[in-house]
>>> print(open('run_23.cif').read())   # mmCIF, C-alpha atoms
data_final
#
loop_
_atom_site.label_atom_id
_atom_site.label_comp_id
_atom_site.auth_asym_id
_atom_site.auth_seq_id
_atom_site.Cartn_x
_atom_site.Cartn_y
_atom_site.Cartn_z
CA MET A 340 42.44 169.62 78.27
CA SER A 341 39.22 170.44 80.05
CA GLY A 342 35.76 171.70 79.24
CA PRO A 343 32.52 170.10 78.12
CA ALA A 344 33.38 170.20 74.43
CA SER A 345 36.67 168.31 74.71
CA HIS A 346 35.16 164.90 73.97
CA TRP A 347 34.63 165.75 70.32
CA LEU A 348 37.67 167.88 69.54
CA PRO A 349 39.65 166.36 66.61
CA ALA A 350 43.34 165.58 66.76
CA TRP A 351 44.54 168.85 65.24
CA ARG A 352 43.01 170.68 68.20
CA THR A 353 43.98 168.23 70.96
CA GLU A 354 47.56 168.39 69.68
CA ARG A 355 47.45 172.16 70.26
CA PRO A 356 46.09 172.62 73.79
CA TRP A 357 46.33 176.40 73.43
CA LEU A 358 43.39 176.07 70.97
CA ALA A 359 41.17 174.16 73.40
CA ASP A 360 39.16 177.20 74.46
CA ALA A 361 39.36 179.03 71.11
CA LEU A 362 36.28 179.36 68.93
CA VAL A 363 36.67 177.99 65.40
CA CYS A 364 34.17 179.59 63.01
CA ASP A 365 33.24 179.02 59.39
CA GLY A 366 31.60 182.20 58.19
CA LEU A 367 29.79 180.66 55.24
CA LEU A 368 28.17 177.31 54.49
CA PRO A 369 25.73 177.48 51.54
CA TRP A 370 22.55 175.55 52.26
CA ALA A 371 20.19 177.28 49.85
CA ASN A 372 17.67 175.00 48.20
CA HIS A 373 18.67 175.42 44.57
CA PHE A 374 22.29 174.37 45.24
CA LEU A 375 21.54 171.07 46.96
CA PRO A 376 21.32 167.56 45.45
CA PRO A 377 18.42 165.32 46.48
CA GLY A 378 18.88 163.77 49.89
CA ALA A 379 21.37 166.38 51.16
CA ASN A 380 21.45 166.08 54.94
CA LEU A 381 22.33 169.23 56.86
CA ALA A 382 22.91 167.45 60.17
CA ALA A 383 25.32 164.98 58.59
CA GLN A 384 27.42 167.79 57.13
CA LEU A 385 27.38 169.80 60.34
CA ARG A 386 28.63 166.70 62.16
CA ARG A 387 31.57 166.57 59.74
CA PHE A 388 32.39 170.19 60.54
CA ARG A 389 32.08 169.52 64.25
CA GLU A 390 33.81 166.17 64.60
CA ALA A 391 36.35 166.15 61.76
CA GLY A 392 36.88 169.90 61.45
CA GLY A 393 36.64 170.95 65.08
CA VAL A 394 34.35 173.83 64.09
CA ASP A 395 32.32 175.50 66.84
CA HIS A 396 30.14 177.84 64.76
CA VAL A 397 28.85 177.90 61.18
CA SER A 398 26.85 180.58 59.39
CA LEU A 399 24.27 179.05 57.02
CA THR A 400 23.02 180.56 53.76
CA ALA A 401 19.25 180.93 53.89
CA SER A 402 18.80 182.65 50.51
CA ALA A 403 20.92 183.27 47.41
CA GLY A 404 20.78 184.31 43.77
CA ASN A 405 17.64 186.23 42.87
CA GLU A 406 15.24 184.70 45.40
CA GLY A 407 12.41 186.79 46.78
CA PRO A 408 11.05 187.13 50.31
CA LEU A 409 8.72 184.13 50.07
CA GLU A 410 11.54 181.77 49.13
CA ALA A 411 13.72 183.25 51.88
CA VAL A 412 11.06 182.83 54.56
CA ALA A 413 10.40 179.27 53.44
CA ARG A 414 14.11 178.43 53.54
CA LEU A 415 14.48 179.85 57.03
CA GLY A 416 11.59 177.66 58.12
CA PHE A 417 13.18 174.64 56.46
CA LEU A 418 16.53 175.24 58.18
CA ARG A 419 14.94 175.62 61.60
CA ARG A 420 12.95 172.41 61.05
CA GLU A 421 16.08 170.54 59.95
CA LEU A 422 17.95 171.67 63.05
CA ALA A 423 15.16 171.05 65.57
CA PRO A 424 15.79 167.29 66.11
CA HIS A 425 19.46 167.93 66.93
CA VAL A 426 19.24 170.45 69.78
CA ASP A 427 21.31 168.14 71.97
CA TRP A 428 24.44 169.03 69.97
CA VAL A 429 23.68 172.05 67.75
CA ARG A 430 21.73 175.21 68.49
CA ILE A 431 20.83 178.45 66.75
CA ALA A 432 22.84 181.39 68.11
CA GLU A 433 21.99 184.83 66.77
CA ASP A 434 24.69 186.90 68.51
CA VAL A 435 28.23 186.54 69.80
CA SER A 436 27.23 185.97 73.40
CA ALA A 437 24.99 183.06 72.34
CA ILE A 438 27.80 181.61 70.22
CA ARG A 439 30.16 181.73 73.19
CA LYS A 440 27.52 180.25 75.49
CA ALA A 441 27.03 177.33 73.09
CA LYS A 442 30.79 176.73 73.08
CA SER A 443 30.91 176.74 76.88
CA ASP A 444 27.99 174.29 76.96
CA GLY A 445 29.83 171.92 74.65
CA VAL A 446 27.51 172.27 71.65
CA MET A 447 27.91 173.58 68.13
CA SER A 448 26.06 176.71 67.02
CA VAL A 449 24.74 178.08 63.73
CA SER A 450 23.49 181.45 62.52
CA PHE A 451 21.87 182.62 59.26
CA HIS A 452 22.72 185.00 56.43
CA PHE A 453 21.63 185.87 52.89
CA GLN A 454 23.87 185.62 49.83
CA THR A 455 21.66 188.19 48.12
CA ALA A 456 19.65 191.31 48.89
CA THR A 457 16.77 190.41 46.59
CA PRO A 458 14.48 189.29 49.46
CA PHE A 459 14.35 192.99 50.42
CA THR A 460 13.32 194.22 46.96
CA PRO A 461 9.56 194.66 47.50
CA SER A 462 10.01 196.80 50.65
CA LEU A 463 12.88 197.93 52.84
CA ASP A 464 10.67 197.13 55.84
CA LEU A 465 11.71 193.53 55.13
CA VAL A 466 15.17 194.38 56.48
CA GLU A 467 13.85 194.64 60.03
CA ALA A 468 11.58 191.65 59.47
CA PHE A 469 14.44 189.40 58.41
CA LYS A 470 16.82 190.78 61.04
CA GLY A 471 14.22 189.79 63.62
CA SER A 472 14.12 186.33 62.04
CA GLY A 473 17.84 185.85 62.59
CA ILE A 474 19.49 187.16 59.41
CA ALA A 475 22.75 188.67 60.66
CA ARG A 476 24.09 189.91 57.32
CA ALA A 477 23.28 190.04 53.61
CA ILE A 478 25.29 190.20 50.39
CA LEU A 479 24.17 193.06 48.18
CA ALA A 480 24.39 191.31 44.80
CA TYR A 481 25.06 187.69 43.86
CA ASN A 482 27.32 187.88 40.75
CA GLU A 483 24.69 189.67 38.63
CA GLY A 484 23.03 193.06 38.96
CA ASN A 485 19.79 193.60 40.85
CA ALA A 486 17.70 196.55 42.04
CA PHE A 487 20.34 197.48 44.60
CA ALA A 488 23.78 196.85 43.13
CA ASP A 489 25.94 195.18 40.50
CA GLY A 490 27.61 191.83 41.08
CA CYS A 491 31.17 190.82 40.30
CA HIS A 492 30.33 189.40 36.85
CA GLU A 493 28.19 192.37 35.73
CA PRO A 494 30.16 193.99 32.87
CA ARG A 495 28.81 197.50 33.45
CA ASN A 496 30.29 197.62 36.99
CA GLY A 497 27.67 200.19 37.92
CA GLY A 498 27.97 200.14 41.69
CA LEU A 499 25.16 200.92 44.11
CA THR A 500 21.87 202.24 42.82
CA GLN A 501 19.97 204.90 44.75
CA TYR A 502 17.79 202.10 46.13
CA GLY A 503 21.00 200.34 47.12
CA HIS A 504 22.22 203.35 49.09
CA ARG A 505 18.92 203.40 50.92
CA LEU A 506 19.16 199.66 51.56
CA ILE A 507 22.60 199.72 53.19
CA ALA A 508 21.57 202.66 55.40
CA ARG A 509 18.52 200.69 56.49
CA MET A 510 20.60 197.54 57.10
CA ASP A 511 23.06 199.50 59.20
CA GLU A 512 20.26 201.06 61.22
CA ALA A 513 18.76 197.61 61.87
CA GLY A 514 22.11 196.11 62.92
CA MET A 515 22.52 193.94 59.82
CA ILE A 516 26.04 193.63 58.38
CA VAL A 517 26.60 194.63 54.73
CA ASP A 518 28.43 191.78 52.98
CA LEU A 519 30.36 192.52 49.78
CA SER A 520 31.42 189.07 48.57
CA HIS A 521 30.05 188.35 45.06
CA CYS A 522 29.68 192.13 44.53
CA GLY A 523 31.25 194.22 41.79
CA LEU A 524 34.31 196.41 42.35
CA ARG A 525 32.35 199.66 42.20
CA THR A 526 29.59 198.27 44.41
CA SER A 527 32.09 197.35 47.11
CA LEU A 528 33.91 200.68 46.97
CA ASP A 529 30.61 202.59 47.06
CA ALA A 530 29.54 200.65 50.16
CA MET A 531 32.89 201.12 51.88
CA GLU A 532 32.69 204.87 51.27
CA ALA A 533 29.21 205.09 52.82
CA PRO A 534 28.82 206.46 56.38
CA LEU A 535 27.93 203.12 57.96
CA ARG A 536 28.40 202.55 61.69
CA ARG A 537 29.20 198.86 61.14
CA PRO A 538 32.08 198.10 58.76
CA PRO A 539 31.13 196.19 55.60
CA ILE A 540 32.79 192.79 55.23
CA PHE A 541 33.79 190.28 52.57
CA SER A 542 32.54 187.05 54.11
CA HIS A 543 34.19 184.69 51.60
CA SER A 544 36.52 186.33 49.09
CA ASN A 545 40.08 185.53 48.00
CA ALA A 546 42.89 187.72 46.70
CA ARG A 547 42.81 188.53 43.00
CA ALA A 548 46.51 189.39 43.11
CA LEU A 549 47.22 185.69 43.71
CA PHE A 550 44.64 184.25 41.31
CA ASP A 551 42.91 186.37 38.68
CA HIS A 552 39.23 185.45 38.96
CA GLU A 553 36.35 187.91 38.90
CA ARG A 554 35.02 186.45 42.17
CA ASN A 555 38.24 187.41 43.93
CA ILE A 556 38.93 190.89 45.27
CA THR A 557 41.70 193.33 44.42
CA ASP A 558 44.33 194.75 46.73
CA GLU A 559 42.44 198.05 46.46
CA GLN A 560 39.34 196.40 47.91
CA ILE A 561 41.35 194.67 50.63
CA LYS A 562 43.00 197.92 51.70
CA ALA A 563 39.69 199.80 51.61
CA CYS A 564 38.15 197.13 53.82
CA ALA A 565 41.03 197.41 56.29
CA ALA A 566 40.68 201.20 56.32
CA ARG A 567 37.05 200.73 57.38
CA ALA A 568 38.10 198.27 60.13
CA GLY A 569 36.36 195.49 58.20
CA TYR A 570 36.94 191.77 57.79
CA ILE A 571 37.71 189.32 54.96
CA GLY A 572 37.02 185.59 55.08
CA VAL A 573 39.09 183.38 52.77
CA ASN A 574 37.17 180.62 51.02
CA GLY A 575 38.20 177.10 50.06
CA VAL A 576 36.76 176.97 46.53
CA GLY A 577 39.28 175.38 44.19
CA MET A 578 38.31 177.42 41.13
CA PHE A 579 38.89 180.67 43.06
CA LEU A 580 42.28 179.45 44.26
CA GLY A 581 43.50 177.93 41.00
CA VAL A 582 44.14 174.53 42.62
CA GLY A 583 42.21 171.45 43.67
CA GLY A 584 42.04 168.59 46.15
CA PRO A 585 45.02 168.33 48.52
CA HIS A 586 46.47 171.65 47.36
CA ILE A 587 43.51 173.72 48.59
CA PRO A 588 44.62 174.19 52.24
CA GLY A 589 48.07 175.44 51.20
CA ALA A 590 46.57 177.85 48.67
CA MET A 591 44.14 179.14 51.30
CA ALA A 592 47.08 179.85 53.61
CA GLU A 593 48.73 181.84 50.80
CA HIS A 594 45.61 183.99 50.44
CA VAL A 595 45.28 184.44 54.21
CA ALA A 596 48.92 185.57 54.37
CA HIS A 597 48.52 187.99 51.46
CA ILE A 598 45.38 189.57 52.93
CA ALA A 599 47.03 189.76 56.36
CA SER A 600 50.02 191.57 54.83
CA LEU A 601 47.68 194.28 53.50
CA ALA A 602 44.92 194.42 56.10
CA GLY A 603 46.57 192.99 59.21
CA PRO A 604 46.25 189.49 60.70
CA ASP A 605 43.32 190.62 62.86
CA ARG A 606 41.13 191.32 59.82
CA VAL A 607 41.18 187.96 58.06
CA GLY A 608 39.46 184.66 58.78
CA ILE A 609 37.63 181.74 57.17
CA GLY A 610 34.46 181.62 55.08
CA LEU A 611 34.85 178.22 53.44
CA ASP A 612 31.90 178.28 51.02
CA PHE A 613 31.83 174.47 51.13
CA MET A 614 29.10 173.29 48.79
CA PHE A 615 27.77 169.80 49.36
CA LEU A 616 27.34 168.55 45.80
CA GLU A 617 27.88 164.80 46.13
CA GLY A 618 25.56 163.18 43.61
CA SER A 619 24.54 166.56 42.18
CA ASP A 620 23.76 166.97 38.49
CA TYR A 621 24.85 170.63 38.80
CA GLY A 622 21.54 171.64 37.31
CA PHE A 623 21.70 175.01 39.08
CA PHE A 624 24.85 175.78 37.09
CA TYR A 625 23.71 174.61 33.67
CA ALA A 626 20.32 176.32 34.04
CA SER A 627 21.83 179.71 34.91
CA ARG A 628 25.15 179.93 33.10
CA GLY A 629 24.73 183.70 32.86
CA ARG A 630 25.21 183.93 36.62
CA TRP A 631 28.61 182.20 36.22
CA PRO A 632 29.82 183.52 32.86
CA ARG A 633 33.61 183.27 33.21
CA GLY A 634 36.09 181.30 35.27
CA TYR A 635 33.87 178.32 36.13
CA PRO A 636 35.13 174.97 34.82
CA ASP A 637 32.83 172.15 33.88
CA PRO A 638 31.75 170.23 37.00
CA PRO A 639 32.54 168.51 39.25
CA TRP A 640 34.14 171.24 41.37
CA ASP A 641 36.63 171.02 44.21
CA PHE A 642 36.08 172.48 47.68
CA PHE A 643 37.95 172.48 50.98
CA GLN A 644 36.69 169.55 53.05
CA PRO A 645 36.18 169.67 56.84
CA GLU A 646 38.72 166.86 57.17
CA GLN A 647 41.42 169.20 55.77
CA PHE A 648 41.56 171.52 58.79
CA THR A 649 44.73 169.76 59.95
CA ASP A 650 46.45 170.66 56.67
CA LEU A 651 45.15 174.23 56.79
CA VAL A 652 46.43 174.87 60.31
CA ARG A 653 49.82 173.38 59.45
CA ALA A 654 50.02 175.57 56.36
CA LEU A 655 49.17 178.68 58.39
CA GLU A 656 51.79 177.77 60.97
CA ALA A 657 54.33 177.34 58.16
CA LYS A 658 53.46 180.87 57.01
CA GLY A 659 54.62 182.15 60.36
CA PHE A 660 51.31 183.01 62.01
CA SER A 661 51.69 183.18 65.78
CA ARG A 662 49.42 181.32 68.17
CA LYS A 663 47.49 184.51 68.91
CA GLU A 664 47.13 185.26 65.19
CA LEU A 665 45.97 181.71 64.49
CA VAL A 666 43.29 181.98 67.17
CA GLY A 667 42.13 185.13 65.41
CA VAL A 668 42.17 183.67 61.89
CA LEU A 669 40.37 180.50 62.95
CA GLY A 670 37.45 182.33 64.52
CA GLU A 671 38.01 185.20 66.90
CA ASN A 672 38.47 187.78 64.11
CA TYR A 673 35.15 186.70 62.63
CA LEU A 674 33.39 187.01 65.97
CA ARG A 675 34.89 190.41 66.70
CA LEU A 676 34.47 192.03 63.31
CA ALA A 677 31.70 190.15 61.49
CA ALA A 678 29.29 188.38 63.79
#
>>> encode(input="run_23.cif", output="structure tokens")
Amino acid sequence: MSGPASHWLPAWRTERPWLADALVCDGLLPWANHFLPPGANLAAQLRRFREAGGVDHVSLTASAGNEGPLEAVARLGFLRRELAPHVDWVRIAEDVSAIRKAKSDGVMSVSFHFQTATPFTPSLDLVEAFKGSGIARAILAYNEGNAFADGCHEPRNGGLTQYGHRLIARMDEAGMIVDLSHCGLRTSLDAMEAPLRRPPIFSHSNARALFDHERNITDEQIKACAARAGYIGVNGVGMFLGVGGPHIPGAMAEHVAHIASLAGPDRVGIGLDFMFLEGSDYGFFYASRGRWPRGYPDPPWDFFQPEQFTDLVRALEAKGFSRKELVGVLGENYLRLAA
């Protein structure tokens, strides 16, 4: 193996030299303020992803839920300040060329996204403002309804509002990706029927055909996404897979295989949704149970851990994914279709 990054590649990558130059990407790491326990250390978790997981790029959540523009701006500032002391091994990369350059330089890279559209509510001019601040994509609705759309737990399933139609057109014009994870069925179908130049994506959604949870997406949604040349990232959240602990990587591989069978292996990847909750009192959950009305067990919750990448890759290989397909699933599909 060669290249400046080889000194930190974990065993699962060094044992597969054909992965040495591949980019491994996690499309979603929540680091929004209201999810985090006291003392949560972003750099420490990114080091786990880099050194134990072999991950080259991570997209960080800068806003979620029903936060407004002030909270979103403040969180972006916080994230940049947290990352600043670690420029020797991690850098902010706002486009694919910068992500690839970071890889070639032997450093990790991060980008930013929103798990909500509510920071745009006061004015659609905020779309361009946040795009200029590094927000590459935004979810339209986080579980509940808002001014733009209904979320996946909203019983009315009302889809996009008129304001929502205007929002996604503005996002598309600005070069911001429309993300449909956490959105309702009708919302996602409305967005995928809209004349957008950039395909909408599901950054971290699993297959409802394999586990019936409202946060998962139907085969209809998967096929509609494929028809729009979109992308679906499979997450590692135990409650959305119906398993926990050591069984999570195998279940993820099942969902990747199912989505690939419907959309093609070039339209699926990884959006882990790893939540660092060690020592958390889960106050965000108990204070807002309406945002998580069904399908959420009492804490603590199980998530895919960076140290489980070895098990995930083995499970994908056992599913029959070729080397080329694995390179795509582990990161290249995300870079091509989402980033």
>>> resolve_selection(input="run_23.cif", expression="the PyMOL selection byres ((chain A and resi 442) around 10)", output="list in words")
Gly342, Pro343, Ala344, Asp360, Ala361, Leu362, Val363, Asp395, His396, Ser436, Ala437, Ile438, Arg439, Lys440, Ala441, Ser443, Asp444, Gly445, Val446, Met447 and Ser448 of chain A
>>> atom_distance(input="run_23.cif", atom1="atom CA of Asn496 of chain A", atom2="atom CA of Pro458 of chain A")
21.8 Å
>>> closest_residue(input="run_23.cif", among="A:Pro636, A:Asp511, A:Arg386, A:Gly608", to="His425 of chain A", atoms="only C-alpha atoms")
A:Arg386
>>> resolve_selection(input="run_23.cif", expression="the PyMOL selection byres ((chain A and resi 574) around 7)", output="list in words")
His543, Ser544, Asn545, Gly572, Val573, Gly575, Val576, Ile609, Gly610, Leu611 and Asp612 of chain A
>>> resolve_selection(input="run_23.cif", expression="the PyMOL selection byres ((chain A and resi 494) around 12)", output="ChimeraX atom specification")
/A:482-484,489-493,495-498,522-525,553,629-630,632-633
>>> residues_around(input="run_23.cif", residues="His552 of chain A", least_positions_apart="5", cutoff="8 Å", atoms="all atoms listed in the file", output="PyMOL selection string")
chain A and resi 547+579+634
>>> atom_distance(input="run_23.cif", atom1="atom CA of Pro408 of chain A", atom2="atom CA of Phe623 of chain A")
19.7 Å
>>> closest_residue(input="run_23.cif", among="A:Glu421, A:Asp605, A:Tyr625, A:Tyr635", to="Leu665 of chain A", atoms="only C-alpha atoms")
A:Asp605
>>> closest_residue(input="run_23.cif", among="A:His504, A:Arg476, A:Arg536, A:Arg387", to="Leu519 of chain A", atoms="all atoms listed in the file")
A:Arg476
>>> closest_residue(input="run_23.cif", among="A:Gly407, A:Pro604, A:Pro369, A:Gly618", to="Pro639 of chain A", atoms="only C-alpha atoms")
A:Gly618
>>> atom_distance(input="run_23.cif", atom1="atom CA of Thr526 of chain A", atom2="atom CA of Glu559 of chain A")
13.0 Å
>>> closest_residue(input="run_23.cif", among="A:Ile587, A:Phe487, A:His521, A:Thr460", to="Glu646 of chain A", atoms="all atoms listed in the file")
A:Ile587
>>> closest_residue(input="run_23.cif", among="A:Ala350, A:Val394, A:Cys364, A:Met515", to="Glu671 of chain A", atoms="all atoms listed in the file")
A:Cys364
>>> residues_around(input="run_23.cif", residues="Ala513 of chain A", least_positions_apart="6", cutoff="9 Å", atoms="all atoms listed in the file", output="PyMOL selection string")
chain A and resi 466-467+470
>>> residues_around(input="run_23.cif", residues="Ala413 of chain A", least_positions_apart="5", cutoff="10 Å", atoms="only C-alpha atoms", output="PyMOL selection string")
chain A and resi 372+401-402+408+418
>>> axis_aligned_box(input="run_23.cif", around="segment 445-448 of chain A", padding_each_side="4 Å", output="lines of an AutoDock Vina configuration file")
center_x = 27.9
center_y = 174.3
center_z = 70.8
size_x = 11.8
size_y = 12.8
size_z = 15.6
